[in-house]
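Novice: Starting off with a structure, shown below.
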Amino acid sequence: MYGVWTPEQVGTAEEPVLARTPEGALMRRAAYGAAQVAMRMLTERAGGVTGRRVVVLVGAGNNGGDGLWAGAYLSRRGVRVTAVLLSPDRAHPAGLEALRSWSARIVTDPDDAVPAVERAHLVLDAIVGTSARGGLRAPAPRLVGATEAAGVPILAIDTPSGVDPRTGTVPEATDDGPAAVTAAETVTFGARKPVHVLARDRCGPVSFVDIGLGPELSEPPITVLEAADVGAAWPVPGPGDDKYTQGVVGVAAGSATYPGAAVLASGAACLATSGMVRYAGSAADEVRAAWPEVVATDHVADAGRVQAWAVGPGLGTGDDGAATLRHVLDAGVPVLADADAVTLLGAHADLRTQAARVPTLVTPHAGEFARLVADLDDPPDPAPDRVDAARRAAAALGVTVLLKGNATVVAAPDGRVLVHPAGSSWLATAGSGDVLSGIAGALLAAGLEPFRAAGAAAFVHARAADLGAGTPGTPGAPLPASHVQAGIPDAIRTVRAAALTTTGAGR
Ligand SMILES: NC(=O)C1=CN([C@@H]2O[C@H](COP(=O)(O)OP(=O)(O)OC[C@H]3O[C@@H](n4cnc5c(N)ncnc54)[C@H](O)[C@@H]3O)[C@@H](O)[C@H]2O)[C@@H](O)CC1
Ligand SMILES: [K+]
């Protein structure tokens with residue numbers, strides 16, 4: 001597990017460290033770490049370091065200072081460095097002096113900078129860091145556009161410039177070029193910031209350089225689970241367990257029109273945990289045919305006892321769907337509400353009141369989220385701040401909210417937030433949400449609290465998709481939701497193996 005802090009919190013943590021270290025020491029630590037990452041990238045992508053060409057795009061503040069110092073360290077290792085000063089009058093003086101002492105080339109005219117970036121082996125984006133506001137400003141779009149057009153990789157220093165460091169959002173591109181950098185990799189300092197988990201597609205892999213802020217950082221407002229955390233928490237049977245002790249999950253999903261949702265959710269629940277899955281609804285025949293181990297009935301009232309309900313996929317939003325949701329919310333056990341159940345919660349205040357009385361996990365995508373909160377005073381809007389919107393919705397509704405998207409945001413009513421940054425977009429496929437419902441429902445039945453169940457389910461769901469798409473490190477291929485479902489066991493094996501290696505906690 002690791003934490004993510006806002007730029008303001010990082011600034012506060014920096015103050016005492018700056019006060020007790022020699023002037024510029026923190027920046028040099030950061031820049032040295034950035035230079036190490038740059039040299040690794042040069043070795044991997046250009047076969048070596050000495051004699052390779054690096055262009056540093058240097059902005060007006062300390063982020064530019066990092067870039068200038070990194071350029072100085074690279075010059076010292078024989079790299080041919082060109083610094084492009086985007087605000088020549090405001091370039092960091094000590095960094096500029098350090099770079100000049102290595103006789104690096106310094107350019108201020110964008111017309112000279114374009115051929116330099118086109119011929120570079122690597123470009124360092126030191127345009128703007130945590131103080132960024134809005135997209136790239138001229139002449140940066142032209143230079144970033146030329147870099148991207150030439151296929152030259154960009155290493156973002158601290159944050160990919162133009163992407164909002166707090167929310168990961170990116171303004172529209174203009175005629176001048178891209179509004180933000182798309183980095184091949186990012187190197188960050190002191191603490192990870194929201195952009196690194198909310199806009200992984202803009203950051204690429206993120207390297208972390210410790211500059212000594214750790215003891216000064218407050219509780220992180222956002223946490224990110226790692227494989228070992230998920231593996232250690234994953235419920236598996238012990239010697240004293242039988243099918244009932246591990247938690248029975250009930251799936252109330254699907255309809256005559258959409259039996260597939262029931263099959264995907266029930267099967268995912270079967271694969272996620274041992275124990276037992278019950279199904280209740282009009283797709284009982286289809287579920288039984290696909291998953292003979294499921295105990296299926298036509299109606300929730302006949303389903304028997306369960307330790308948690310997963311309700312909603314393919315349920316319908318009419319009276320029957322509302323009655324089913326009302327029934328499962330009345331059962332007094334944890335509830336996973338997805339898809340049509342989310343829409344029903346948005347439309348019925350009494351159902352929202354009921355949902356707040358039991359441990360409830362709601363899993364909307366953006367459209368369902370809008371419907372879920374539509375009736376609230378001052379409805380939270382995920383644009384631009386998805387974390388804030390999910391946190392506010394969870395607090396207002398008294399339920400845990402899992403907001404789907406490229407980065408999954410999970411917010412508990414008590415204010416805790418967890419983000420799962422997707423490594424790919426393979427889950428953007430029909431039926432993938434039904435699979436997530438089954439996994440999360442099974443975890444609720446096994447006794448995980450909604451916040452932990454949501455985080456673990458999102459992790460394994462994404463891992464199953466990545467493994468199904470292809471061998472890690474290779475380009476991969478699209479896969480349907482049924483293959484995501486089929487990938488659940490392998491995903492669980494990998495997280496449990498990570499837990500064994502890291503903590504010895506896996507059984
Ligand atoms: N404070 C410290 O001691 C440390 C700071 N570090 C670096 O310092 C950075 C923060 O530095 P600063 O607070 O000086 O600010 P930045 O370097 O992020 O930004 C500098 C200035 O750029 C302008 N600007 C804002 N948005 C812009 C945009 N979209 N396009 C172009 N220019 C824009 C603003 O005038 C802003 O004040 C961090 O991201 C990190 O790279 C690191 O060196 C670690 C230590
Ligand atoms: K940057």
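Residue names in the structure tokens use chain letters A, B, ... in the order shown, residue numbers from 1 in each chain, and ligand numbers from 1 in the order shown.
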Neighbouring residues of ligand 2 are defined here as those with any atom at most 7 Å from a ligand atom, counting only C-alpha atoms and all ligand atoms; list them as an NGL selection string.

Specialist: :A and (63 or 125-129 or 156-161)

Novice: Enumerate as a PyMOL selection string the residues within 7 Å of ligand 1, counting only C-alpha atoms and all ligand atoms.

Specialist: chain A and resi 11+14+18+26-27+30-31+59-66+127-137+157-159+161-162+189

Novice: Per residue of segment 297-364 of chain A within 10 Å of segment 264-269 of chain A, note the shortest atom pair and the distance in Å to one decimal, counting only C-alpha atoms, and order the rows by chain and increasing residue number, as a Markdown table.

Specialist:
```
| residue | atom | partner | partner_atom | distance |
| --- | --- | --- | --- | --- |
| A:Ala310 | CA | A:Ala265 | CA | 8.3 |
| A:Val311 | CA | A:Ala265 | CA | 9.5 |
| A:Gly312 | CA | A:Ala265 | CA | 9.8 |
| A:Pro313 | CA | A:Ala265 | CA | 7.8 |
```

Novice: Kindly save the residues from that selection, with N, CA and C atoms included, as a PDB file, in the first residue's frame.

Specialist:
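File written: result37.pdb
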```pdb
ATOM      1  N   ALA A 310     -25.415  -9.323  -4.030  1.00  0.00           N
ATOM      2  CA  ALA A 310     -24.947  -8.514  -5.159  1.00  0.00           C
ATOM      3  C   ALA A 310     -26.158  -8.307  -6.040  1.00  0.00           C
ATOM      4  N   VAL A 311     -26.569  -7.059  -6.191  1.00  0.00           N
ATOM      5  CA  VAL A 311     -27.839  -6.799  -6.868  1.00  0.00           C
ATOM      6  C   VAL A 311     -27.667  -5.746  -7.961  1.00  0.00           C
ATOM      7  N   GLY A 312     -28.328  -5.967  -9.094  1.00  0.00           N
ATOM      8  CA  GLY A 312     -28.421  -4.875 -10.052  1.00  0.00           C
ATOM      9  C   GLY A 312     -28.146  -5.160 -11.498  1.00  0.00           C
ATOM     10  N   PRO A 313     -27.074  -5.889 -11.869  1.00  0.00           N
ATOM     11  CA  PRO A 313     -26.777  -6.018 -13.301  1.00  0.00           C
ATOM     12  C   PRO A 313     -27.942  -6.655 -14.063  1.00  0.00           C
TER      13      PRO A 313
END
```

Novice: Which distance in Å separates atom CA of Pro292 of chain A and atom CA of Gly240 of chain A, to one decimal?

Specialist: 24.9 Å

Novice: Enter the distance from atom CA of Val224 of chain A to atom CA of Ala462 of chain A, in Å, rounded to one decimal.

Specialist: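 Atom CA of Val224 of chain A sits 13.8 Å away from atom CA of Ala462 of chain A.
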